[in-house]
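Asker: To start, I am sharing the structure in question, which I have written as structure tokens.
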Amino acid sequence: MQNHQLRAVQTDQVDNGTMKVQVTSTLGLIPVEGATITISYTGDPESTLEQISTDGEGQSEVLTLAAPPLEYSMEPSESQPYAQYTIQITAEGYQPVTITGVQVLSDETSIQDIRLQPIGAPATWPDD
């Protein structure tokens, strides 16, 4: 029931924010072309909102997504000022990645820099 209520709140939004995803390899920061990006509401991860692929630069198109009204972020209130999305990224030859709770605010662009680990490659630390 809570997921249904959360989804209803998020789908009734009157404002929009945007999101752009950049996908690179953890080895050499090479852009990952053709990665599949699936976006859903965090409260309902089984319901796909968008599914797109990265271009030759490893970038997605800019997506317009529902967000709470801008007024929610202008002063303290009980209303959450951002919408939360889940991003799943898959690409041939790479380990899949899922990120939950990606925040999208009204009239703002959320830029997600995703690094995929090649299958069979040794694990690296984020700053390597």
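Simple scheme: letters A, B, ... for chains in structure tokens order, numbers from 1 for residues in each chain, numbers from 1 for ligands in the order shown.
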With a distance cut-off of 6 Å and only C-alpha atoms, select the neighbouring residues of Tyr85 in chain A, excluding the residue or stretch itself and same-chain residues fewer than 5 positions from it, and output the selection as a ChimeraX atom specification.
Answerer: /A:40-42,101-102
Asker: Next, dump the selected residues to file, keeping only all heavy atoms, as a CSV table (one decimal), in the first residue's frame.
Answerer:
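again19.csv, written as the output of this step:
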```csv
chain,number,residue,atom,x,y,z
A,40,SER,N,13.0,4.0,-13.0
A,40,SER,CA,11.8,3.7,-12.3
A,40,SER,C,11.7,4.6,-11.1
A,40,SER,O,12.7,5.1,-10.6
A,40,SER,CB,11.6,2.2,-12.0
A,40,SER,OG,12.7,1.8,-11.1
A,41,TYR,N,10.5,4.6,-10.5
A,41,TYR,CA,10.3,5.3,-9.2
A,41,TYR,C,11.0,4.4,-8.2
A,41,TYR,O,10.8,3.2,-8.2
A,41,TYR,CB,8.9,5.5,-8.8
A,41,TYR,CG,8.2,6.6,-9.7
A,41,TYR,CD1,7.1,6.2,-10.5
A,41,TYR,CD2,8.6,7.9,-9.6
A,41,TYR,CE1,6.4,7.2,-11.2
A,41,TYR,CE2,8.0,8.9,-10.4
A,41,TYR,CZ,6.9,8.5,-11.2
A,41,TYR,OH,6.3,9.5,-11.9
A,42,THR,N,11.7,5.0,-7.2
A,42,THR,CA,12.3,4.2,-6.1
A,42,THR,C,11.2,3.4,-5.4
A,42,THR,O,11.4,2.3,-5.0
A,42,THR,CB,13.1,5.1,-5.2
A,42,THR,OG1,14.2,5.6,-5.9
A,42,THR,CG2,13.6,4.3,-4.0
A,101,GLY,N,17.3,5.8,-5.0
A,101,GLY,CA,17.2,7.1,-4.3
A,101,GLY,C,17.9,8.3,-5.0
A,101,GLY,O,18.2,9.3,-4.4
A,102,VAL,N,18.0,8.2,-6.4
A,102,VAL,CA,18.5,9.4,-7.1
A,102,VAL,C,17.5,10.5,-7.0
A,102,VAL,O,16.3,10.3,-7.3
A,102,VAL,CB,18.7,9.0,-8.6
A,102,VAL,CG1,19.2,10.2,-9.4
A,102,VAL,CG2,19.8,7.9,-8.7
```
Asker: Excluding same-chain residues fewer than 6 positions from Thr109 in chain A, what lies within 10 Å of it counting only C-alpha atoms, as number ranges by chain?
Answerer: A: 16-20, 62-65, 103
Asker: Go ahead and save the residues from that selection, with N, CA, C and O atoms, as an mmCIF file, in the first residue's frame.
Answerer:
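Saved result, result37.cif, follows:
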```
data_model
loop_
_atom_site.group_PDB
_atom_site.id
_atom_site.type_symbol
_atom_site.label_atom_id
_atom_site.label_comp_id
_atom_site.auth_asym_id
_atom_site.auth_seq_id
_atom_site.Cartn_x
_atom_site.Cartn_y
_atom_site.Cartn_z
ATOM 1 N N ASN A 16 8.613 19.569 -13.193
ATOM 2 C CA ASN A 16 9.547 18.610 -13.778
ATOM 3 C C ASN A 16 10.976 19.005 -13.466
ATOM 4 O O ASN A 16 11.287 20.178 -13.318
ATOM 5 N N GLY A 17 11.812 17.997 -13.379
ATOM 6 C CA GLY A 17 13.255 18.169 -13.311
ATOM 7 C C GLY A 17 13.832 17.349 -14.449
ATOM 8 O O GLY A 17 13.103 16.690 -15.186
ATOM 9 N N THR A 18 15.129 17.372 -14.609
ATOM 10 C CA THR A 18 15.752 16.589 -15.677
ATOM 11 C C THR A 18 16.885 15.755 -15.107
ATOM 12 O O THR A 18 17.416 16.042 -14.034
ATOM 13 N N MET A 19 17.242 14.715 -15.862
ATOM 14 C CA MET A 19 18.336 13.839 -15.471
ATOM 15 C C MET A 19 19.145 13.489 -16.712
ATOM 16 O O MET A 19 18.592 13.270 -17.783
ATOM 17 N N LYS A 20 20.458 13.461 -16.538
ATOM 18 C CA LYS A 20 21.361 13.018 -17.588
ATOM 19 C C LYS A 20 22.332 12.034 -16.959
ATOM 20 O O LYS A 20 22.802 12.237 -15.841
ATOM 21 N N VAL A 62 18.926 13.920 -22.301
ATOM 22 C CA VAL A 62 18.407 14.552 -21.097
ATOM 23 C C VAL A 62 16.943 14.137 -20.964
ATOM 24 O O VAL A 62 16.148 14.335 -21.884
ATOM 25 N N LEU A 63 16.621 13.525 -19.817
ATOM 26 C CA LEU A 63 15.264 13.043 -19.573
ATOM 27 C C LEU A 63 14.503 14.023 -18.699
ATOM 28 O O LEU A 63 15.044 14.544 -17.729
ATOM 29 N N THR A 64 13.258 14.250 -19.013
ATOM 30 C CA THR A 64 12.383 15.071 -18.185
ATOM 31 C C THR A 64 11.576 14.140 -17.301
ATOM 32 O O THR A 64 10.920 13.222 -17.790
ATOM 33 N N LEU A 65 11.659 14.368 -15.984
ATOM 34 C CA LEU A 65 10.993 13.517 -15.011
ATOM 35 C C LEU A 65 10.166 14.353 -14.040
ATOM 36 O O LEU A 65 10.508 15.498 -13.746
ATOM 37 N N GLN A 103 17.937 11.654 -6.575
ATOM 38 C CA GLN A 103 17.042 12.779 -6.326
ATOM 39 C C GLN A 103 16.915 13.674 -7.554
ATOM 40 O O GLN A 103 17.914 14.028 -8.174
#
```
Asker: I need the residue nearest Ile37 in chain A from this list: A:Glu57, A:Asp15, A:Glu108, A:Glu50. Use only C-alpha atoms for the distance.
Answerer: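 Answer, going by the shortest atom-to-atom distance: A:Glu50.
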Asker: May I ask which of the residues A:Gln88, A:Ser60, A:Thr54, A:Ser106 is the closest one to Thr38 in chain A, counting only C-alpha atoms?
Answerer: A:Gln88
Asker: For Ala83 in chain A, please output as a ChimeraX atom specification all residues within 7 Å (counting only C-alpha atoms; exclusion window: fewer than 6 positions along the same chain).
Answerer: /A:10,67-68,103-105
Asker: Would you put the residues from that selection into a file with N, CA and C atoms, as a PDB file, in the first residue's frame?
Answerer:
```pdb
ATOM      1  N   GLN A  10       4.121  10.787  -6.492  1.00  0.00           N
ATOM      2  CA  GLN A  10       5.114  11.171  -7.489  1.00  0.00           C
ATOM      3  C   GLN A  10       4.483  11.390  -8.854  1.00  0.00           C
ATOM      4  N   ALA A  67       8.706  15.934 -10.726  1.00  0.00           N
ATOM      5  CA  ALA A  67       9.316  16.366  -9.467  1.00  0.00           C
ATOM      6  C   ALA A  67       8.288  17.173  -8.684  1.00  0.00           C
ATOM      7  N   PRO A  68       8.424  17.209  -7.364  1.00  0.00           N
ATOM      8  CA  PRO A  68       7.505  18.015  -6.560  1.00  0.00           C
ATOM      9  C   PRO A  68       7.609  19.492  -6.930  1.00  0.00           C
ATOM     10  N   GLN A 103      17.937  11.654  -6.575  1.00  0.00           N
ATOM     11  CA  GLN A 103      17.042  12.779  -6.326  1.00  0.00           C
ATOM     12  C   GLN A 103      16.915  13.674  -7.554  1.00  0.00           C
ATOM     13  N   VAL A 104      15.660  14.032  -7.869  1.00  0.00           N
ATOM     14  CA  VAL A 104      15.373  14.969  -8.957  1.00  0.00           C
ATOM     15  C   VAL A 104      14.533  16.094  -8.376  1.00  0.00           C
ATOM     16  N   LEU A 105      15.052  17.306  -8.472  1.00  0.00           N
ATOM     17  CA  LEU A 105      14.353  18.503  -7.997  1.00  0.00           C
ATOM     18  C   LEU A 105      13.738  19.251  -9.172  1.00  0.00           C
TER      19      LEU A 105
END
```
Asker: Check the smallest atom-to-atom distance from each of A:Gly93, A:Glu46, A:Glu61, A:Gln84 to Gly120 in chain A using only C-alpha atoms, then report the winner.
Answerer: A:Gly93
Asker: Pick out the closest residue to Ile39 in chain A from this set: A:Ile119, A:Val97, A:Ala66, A:Ile52. Count only C-alpha atoms.
Answerer: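 Comparing A:Ile119, A:Val97, A:Ala66, A:Ile52 against Ile39 in chain A, the winner is A:Ile52.
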